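Enquirer: The file below is my_file_37.cif, mmCIF, N, CA, C and O atoms:
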data_model
#
loop_
_atom_site.label_atom_id
_atom_site.label_comp_id
_atom_site.auth_asym_id
_atom_site.auth_seq_id
_atom_site.Cartn_x
_atom_site.Cartn_y
_atom_site.Cartn_z
N MET A 470 0.84 -1.18 0.00
CA MET A 470 0.00 0.00 0.00
C MET A 470 0.89 1.24 0.00
O MET A 470 1.87 1.30 0.70
N THR A 471 0.49 2.25 -0.78
CA THR A 471 1.29 3.47 -0.86
C THR A 471 0.57 4.63 -0.21
O THR A 471 -0.64 4.57 0.06
N ASP A 472 1.31 5.70 0.00
CA ASP A 472 0.73 6.91 0.58
C ASP A 472 0.29 7.91 -0.48
O ASP A 472 -0.08 9.02 -0.16
N GLU A 473 0.37 7.49 -1.75
CA GLU A 473 -0.02 8.41 -2.82
C GLU A 473 -1.52 8.67 -2.78
O GLU A 473 -2.31 7.80 -2.50
N VAL A 474 -1.86 9.90 -3.07
CA VAL A 474 -3.27 10.28 -3.15
C VAL A 474 -3.79 9.87 -4.52
O VAL A 474 -3.15 10.09 -5.53
N TRP A 475 -4.97 9.27 -4.54
CA TRP A 475 -5.58 8.86 -5.80
C TRP A 475 -5.99 10.08 -6.58
O TRP A 475 -6.63 10.99 -6.06
N LYS A 476 -5.59 10.12 -7.84
CA LYS A 476 -5.95 11.23 -8.72
C LYS A 476 -6.48 10.66 -10.02
O LYS A 476 -5.95 9.69 -10.54
N ARG A 477 -7.52 11.31 -10.54
CA ARG A 477 -8.06 10.91 -11.83
C ARG A 477 -7.39 11.75 -12.91
O ARG A 477 -7.10 12.92 -12.71
N ASP A 478 -7.17 11.14 -14.05
CA ASP A 478 -6.59 11.83 -15.18
C ASP A 478 -7.72 12.42 -16.02
O ASP A 478 -8.03 11.94 -17.10
N GLU A 479 -8.39 13.44 -15.46
CA GLU A 479 -9.54 14.03 -16.13
C GLU A 479 -9.44 15.55 -16.08
O GLU A 479 -8.77 16.12 -15.23
N VAL A 480 -10.18 16.18 -16.97
CA VAL A 480 -10.28 17.63 -16.97
C VAL A 480 -11.10 18.03 -15.75
O VAL A 480 -12.18 17.49 -15.51
N GLN A 481 -10.59 18.98 -14.97
CA GLN A 481 -11.30 19.43 -13.79
C GLN A 481 -12.43 20.39 -14.16
O GLN A 481 -12.44 20.95 -15.24
N SER A 482 -13.33 20.60 -13.24
CA SER A 482 -14.44 21.52 -13.46
C SER A 482 -13.97 22.97 -13.37
O SER A 482 -13.14 23.29 -12.52
N PRO A 483 -14.50 23.85 -14.22
CA PRO A 483 -14.14 25.27 -14.13
C PRO A 483 -14.96 26.03 -13.10
O PRO A 483 -14.82 27.25 -12.96
N CYS A 484 -15.81 25.34 -12.34
CA CYS A 484 -16.69 25.99 -11.37
C CYS A 484 -15.87 26.77 -10.34
O CYS A 484 -14.90 26.26 -9.79
N ILE A 485 -16.30 28.03 -10.10
CA ILE A 485 -15.66 28.84 -9.06
C ILE A 485 -16.66 29.18 -7.95
O ILE A 485 -16.46 30.10 -7.18
N LYS A 486 -17.77 28.46 -7.93
CA LYS A 486 -18.82 28.61 -6.91
C LYS A 486 -19.45 30.00 -6.91
O LYS A 486 -19.81 30.53 -5.87
N THR A 487 -19.55 30.60 -8.08
CA THR A 487 -20.30 31.83 -8.30
C THR A 487 -21.36 31.48 -9.33
O THR A 487 -21.22 31.79 -10.51
N CYS A 488 -22.38 30.78 -8.91
CA CYS A 488 -23.34 30.16 -9.82
C CYS A 488 -24.57 31.04 -10.02
O CYS A 488 -25.53 30.96 -9.26
N VAL A 489 -24.52 31.86 -11.05
CA VAL A 489 -25.63 32.72 -11.42
C VAL A 489 -25.69 32.72 -12.94
O VAL A 489 -24.69 32.99 -13.60
N ILE A 490 -26.85 32.41 -13.49
CA ILE A 490 -27.01 32.39 -14.95
C ILE A 490 -27.39 33.79 -15.43
O ILE A 490 -28.38 34.35 -14.99
N GLU A 491 -26.60 34.34 -16.33
CA GLU A 491 -26.85 35.65 -16.93
C GLU A 491 -27.96 35.46 -17.96
O GLU A 491 -27.84 34.61 -18.85
N PRO A 492 -29.06 36.21 -17.85
CA PRO A 492 -30.24 35.96 -18.69
C PRO A 492 -30.01 36.10 -20.20
O PRO A 492 -30.55 35.32 -20.97
N ASP A 493 -29.24 37.09 -20.62
CA ASP A 493 -29.06 37.31 -22.07
C ASP A 493 -28.21 36.23 -22.72
O ASP A 493 -28.57 35.67 -23.74
N SER A 494 -27.06 35.93 -22.12
CA SER A 494 -26.16 34.94 -22.72
C SER A 494 -26.52 33.52 -22.33
O SER A 494 -26.11 32.57 -23.00
N ARG A 495 -27.28 33.36 -21.21
CA ARG A 495 -27.64 32.05 -20.66
C ARG A 495 -26.41 31.26 -20.22
O ARG A 495 -26.39 30.05 -20.25
N LEU A 496 -25.37 32.00 -19.82
CA LEU A 496 -24.14 31.40 -19.32
C LEU A 496 -23.96 31.77 -17.85
O LEU A 496 -24.38 32.83 -17.41
N CYS A 497 -23.32 30.89 -17.10
CA CYS A 497 -23.01 31.17 -15.71
C CYS A 497 -21.99 32.31 -15.66
O CYS A 497 -21.00 32.29 -16.40
N ILE A 498 -22.22 33.29 -14.77
CA ILE A 498 -21.28 34.41 -14.69
C ILE A 498 -19.96 33.98 -14.07
O ILE A 498 -18.94 34.64 -14.24
N GLY A 499 -19.94 32.86 -13.35
CA GLY A 499 -18.70 32.38 -12.73
C GLY A 499 -17.83 31.58 -13.67
O GLY A 499 -16.68 31.93 -13.92
N CYS A 500 -18.39 30.52 -14.23
CA CYS A 500 -17.57 29.60 -15.04
C CYS A 500 -17.79 29.74 -16.54
O CYS A 500 -17.03 29.18 -17.32
N LYS A 501 -18.82 30.46 -16.94
CA LYS A 501 -19.16 30.71 -18.35
C LYS A 501 -19.71 29.49 -19.08
O LYS A 501 -19.78 29.48 -20.30
N ARG A 502 -20.14 28.47 -18.33
CA ARG A 502 -20.77 27.32 -18.98
C ARG A 502 -22.28 27.53 -19.04
O ARG A 502 -22.85 28.26 -18.23
N SER A 503 -22.93 26.84 -19.99
CA SER A 503 -24.39 26.86 -20.08
C SER A 503 -24.95 25.90 -19.03
O SER A 503 -24.23 25.06 -18.48
N ILE A 504 -26.25 26.02 -18.78
CA ILE A 504 -26.90 25.11 -17.83
C ILE A 504 -26.74 23.66 -18.30
O ILE A 504 -26.47 22.77 -17.51
N GLU A 505 -26.88 23.45 -19.61
CA GLU A 505 -26.73 22.09 -20.15
C GLU A 505 -25.33 21.55 -19.92
O GLU A 505 -25.15 20.37 -19.59
N GLU A 506 -24.32 22.40 -20.10
CA GLU A 506 -22.95 21.96 -19.87
C GLU A 506 -22.69 21.67 -18.39
O GLU A 506 -22.03 20.69 -18.05
N ILE A 507 -23.25 22.51 -17.53
CA ILE A 507 -23.07 22.32 -16.09
C ILE A 507 -23.71 21.01 -15.64
O ILE A 507 -23.10 20.20 -14.95
N THR A 508 -24.97 20.80 -16.04
CA THR A 508 -25.68 19.59 -15.58
C THR A 508 -25.14 18.32 -16.21
O THR A 508 -25.21 17.26 -15.60
N GLY A 509 -24.58 18.41 -17.40
CA GLY A 509 -24.07 17.22 -18.06
C GLY A 509 -22.59 16.97 -17.85
O GLY A 509 -22.04 15.98 -18.34
N TRP A 510 -21.91 17.84 -17.10
CA TRP A 510 -20.45 17.78 -16.95
C TRP A 510 -19.95 16.41 -16.50
O TRP A 510 -19.00 15.88 -17.05
N SER A 511 -20.58 15.83 -15.50
CA SER A 511 -20.09 14.55 -14.96
C SER A 511 -20.29 13.39 -15.92
O SER A 511 -19.64 12.35 -15.79
N ARG A 512 -21.18 13.56 -16.90
CA ARG A 512 -21.43 12.48 -17.86
C ARG A 512 -20.66 12.67 -19.17
O ARG A 512 -20.72 11.82 -20.05
N MET A 513 -19.97 13.80 -19.31
CA MET A 513 -19.24 14.08 -20.55
C MET A 513 -17.93 13.30 -20.60
O MET A 513 -17.36 12.95 -19.57
N THR A 514 -17.47 13.11 -21.82
CA THR A 514 -16.16 12.48 -21.98
C THR A 514 -15.08 13.50 -21.65
O THR A 514 -15.32 14.72 -21.73
N PRO A 515 -13.89 13.06 -21.30
CA PRO A 515 -12.80 14.00 -21.07
C PRO A 515 -12.54 14.91 -22.28
O PRO A 515 -12.23 16.09 -22.11
N ASP A 516 -12.69 14.37 -23.49
CA ASP A 516 -12.49 15.19 -24.69
C ASP A 516 -13.55 16.29 -24.80
O ASP A 516 -13.23 17.42 -25.18
N ASP A 517 -14.80 15.97 -24.48
CA ASP A 517 -15.87 16.97 -24.52
C ASP A 517 -15.62 18.07 -23.49
O ASP A 517 -15.78 19.25 -23.77
N ARG A 518 -15.20 17.66 -22.27
CA ARG A 518 -14.90 18.65 -21.24
C ARG A 518 -13.72 19.53 -21.64
O ARG A 518 -13.75 20.74 -21.43
N ALA A 519 -12.70 18.92 -22.23
CA ALA A 519 -11.53 19.69 -22.66
C ALA A 519 -11.90 20.70 -23.73
O ALA A 519 -11.39 21.83 -23.74
N ALA A 520 -12.81 20.33 -24.63
CA ALA A 520 -13.24 21.25 -25.69
C ALA A 520 -13.98 22.45 -25.10
O ALA A 520 -13.77 23.59 -25.52
N ILE A 521 -14.81 22.21 -24.10
CA ILE A 521 -15.53 23.31 -23.45
C ILE A 521 -14.54 24.19 -22.71
O ILE A 521 -14.60 25.43 -22.80
N MET A 522 -13.61 23.58 -21.98
CA MET A 522 -12.60 24.35 -21.25
C MET A 522 -11.80 25.25 -22.20
O MET A 522 -11.49 26.39 -21.86
N ALA A 523 -11.49 24.74 -23.38
CA ALA A 523 -10.73 25.52 -24.35
C ALA A 523 -11.54 26.71 -24.87
O ALA A 523 -10.97 27.73 -25.25
N ASP A 524 -12.86 26.59 -24.87
CA ASP A 524 -13.74 27.65 -25.38
C ASP A 524 -14.04 28.73 -24.33
O ASP A 524 -14.44 29.83 -24.67
N LEU A 525 -13.85 28.43 -23.06
CA LEU A 525 -14.23 29.35 -21.99
C LEU A 525 -13.53 30.71 -22.05
O LEU A 525 -14.19 31.73 -21.82
N PRO A 526 -12.25 30.80 -22.35
CA PRO A 526 -11.63 32.14 -22.42
C PRO A 526 -12.31 33.04 -23.46
O PRO A 526 -12.49 34.24 -23.22
N GLU A 527 -12.71 32.48 -24.58
CA GLU A 527 -13.39 33.27 -25.60
C GLU A 527 -14.77 33.73 -25.11
O GLU A 527 -15.21 34.84 -25.41
N ARG A 528 -15.44 32.89 -24.35
CA ARG A 528 -16.74 33.27 -23.79
C ARG A 528 -16.61 34.42 -22.81
O ARG A 528 -17.45 35.30 -22.75
N ARG A 529 -15.52 34.42 -22.04
CA ARG A 529 -15.29 35.50 -21.08
C ARG A 529 -15.12 36.83 -21.81
O ARG A 529 -15.61 37.86 -21.36
N ILE A 530 -14.42 36.81 -22.91
CA ILE A 530 -14.20 38.02 -23.70
C ILE A 530 -15.51 38.49 -24.32
O ILE A 530 -15.81 39.67 -24.35
N ALA A 531 -16.30 37.54 -24.84
CA ALA A 531 -17.52 37.87 -25.57
C ALA A 531 -18.64 38.35 -24.66
O ALA A 531 -19.50 39.12 -25.08
N GLN A 532 -18.66 37.91 -23.41
CA GLN A 532 -19.76 38.27 -22.51
C GLN A 532 -19.58 39.71 -22.06
O GLN A 532 -18.57 40.08 -21.48
N LYS A 533 -20.57 40.52 -22.35
CA LYS A 533 -20.51 41.95 -22.02
C LYS A 533 -20.77 42.17 -20.54
O LYS A 533 -21.57 41.47 -19.93
N ARG A 534 -20.13 43.18 -20.01
CA ARG A 534 -20.42 43.59 -18.63
C ARG A 534 -21.70 44.40 -18.63
O ARG A 534 -21.95 45.16 -19.53
N ARG A 535 -22.48 44.23 -17.59
CA ARG A 535 -23.72 44.99 -17.45
C ARG A 535 -23.60 45.89 -16.25
O ARG A 535 -22.92 45.58 -15.29
N GLY A 536 -24.30 47.00 -16.31
CA GLY A 536 -24.36 47.87 -15.16
C GLY A 536 -23.08 48.65 -14.95
O GLY A 536 -22.34 48.93 -15.88
N GLY A 537 -22.82 49.00 -13.71
CA GLY A 537 -21.64 49.76 -13.39
C GLY A 537 -21.81 51.24 -13.67
O GLY A 537 -22.87 51.72 -14.07
N ARG A 538 -20.78 51.98 -13.46
CA ARG A 538 -20.81 53.43 -13.59
C ARG A 538 -21.18 53.88 -15.01
O ARG A 538 -21.98 54.79 -15.19
N SER A 539 -20.59 53.26 -16.03
CA SER A 539 -20.87 53.69 -17.40
C SER A 539 -22.34 53.50 -17.76
O SER A 539 -22.93 54.32 -18.47
N ALA A 540 -22.97 52.45 -17.25
CA ALA A 540 -24.40 52.23 -17.52
C ALA A 540 -25.25 53.29 -16.83
O ALA A 540 -26.22 53.78 -17.41
N ARG A 541 -24.87 53.63 -15.60
CA ARG A 541 -25.63 54.68 -14.89
C ARG A 541 -25.51 56.01 -15.61
O ARG A 541 -26.48 56.75 -15.73
N LEU A 542 -24.32 56.34 -16.09
CA LEU A 542 -24.13 57.59 -16.81
C LEU A 542 -24.89 57.60 -18.14
O LEU A 542 -25.48 58.60 -18.51
N ARG A 543 -24.86 56.46 -18.82
CA ARG A 543 -25.52 56.36 -20.12
C ARG A 543 -27.04 56.42 -19.96
O ARG A 543 -27.73 57.08 -20.71
N ASP A 544 -27.57 55.72 -18.96
CA ASP A 544 -29.02 55.63 -18.76
C ASP A 544 -29.58 56.77 -17.92
O ASP A 544 -30.79 56.96 -17.87
N GLY A 545 -28.72 57.49 -17.25
CA GLY A 545 -29.17 58.51 -16.30
C GLY A 545 -29.42 59.79 -16.95
O GLY A 545 -30.18 60.57 -17.14
#
Please rewrite the model in this file as structure tokens.

Expert:
Amino acid sequence: MTDEVWKRDEVQSPCIKTCVIEPDSRLCIGCKRSIEEITGWSRMTPDDRAAIMADLPERRIAQKRRGGRSARLRDG
């Protein structure tokens, strides 16, 4: 018996425990996954998860910020 910790060779979840779905994009504001991707994550193949992980940086760029000072100035 060894003292090594068991590790799976799988893509980890991008969840950062900020789970709120943005209504316009329908993506989580924390991890940028869709509800379908979040609920199906544990059943996906490692390749499917890796493909989603590779797409997440682009989703972060594409998702517009809402509110804040500029919105108040524009709408005010």

Enquirer: Interatomic distance between atom N of Ile485 of chain A and atom CA of Gly499 of chain A?

Expert: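 Atom-to-atom, atom N of Ile485 of chain A to atom CA of Gly499 of chain A, that is 5.6 Å.
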
Enquirer: Between atom C of Gln481 of chain A and atom C of Arg495 of chain A, what distance in Å does the model show, to one decimal?

Expert: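 Value for the atom C of Gln481 of chain A-atom C of Arg495 of chain A distance: 18.7 Å.
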
Enquirer: With the file shown as input, list the residues that the PyMOL selection byres (((chain A and resi 503 and name CA) around 12) and name CA) selects, as a count of residues only.

Expert: 28

Enquirer: From a backbone DSSP assignment, name each residue in segment 482-536 of chain A labelled helix (DSSP H, G or I), as a list in words.

Expert: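 Taking segment 482-536 of chain A and keeping helix (DSSP H, G or I) gives Ile504, Glu505, Glu506, Ile507, Thr508, Gly509, Trp510, Ser511, Arg512, Pro515, Asp516, Asp517, Arg518, Ala519, Ala520, Ile521, Met522, Ala523, Asp524, Leu525, Pro526, Glu527, Arg528, Arg529, Ile530 and Ala531 of chain A.
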
Enquirer: Could you jot down the atom CA of Asp516 of chain A to atom CA of Ser482 of chain A separation for me, Å, one decimal place?

Expert: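 Taking atom CA of Asp516 of chain A and atom CA of Ser482 of chain A, their separation equals 13.0 Å.
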
Enquirer: When you look at Val480 of chain A with a cut-off of 9 Å (counting only C-alpha atoms), what residues show up, excluding the ones that are within fewer than 5 positions of it in the same chain? I need them as a list in words.

Expert: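 Non-adjacent residues within range: Pro515, Asp516, Arg518, Ala519 and Met522 of chain A.
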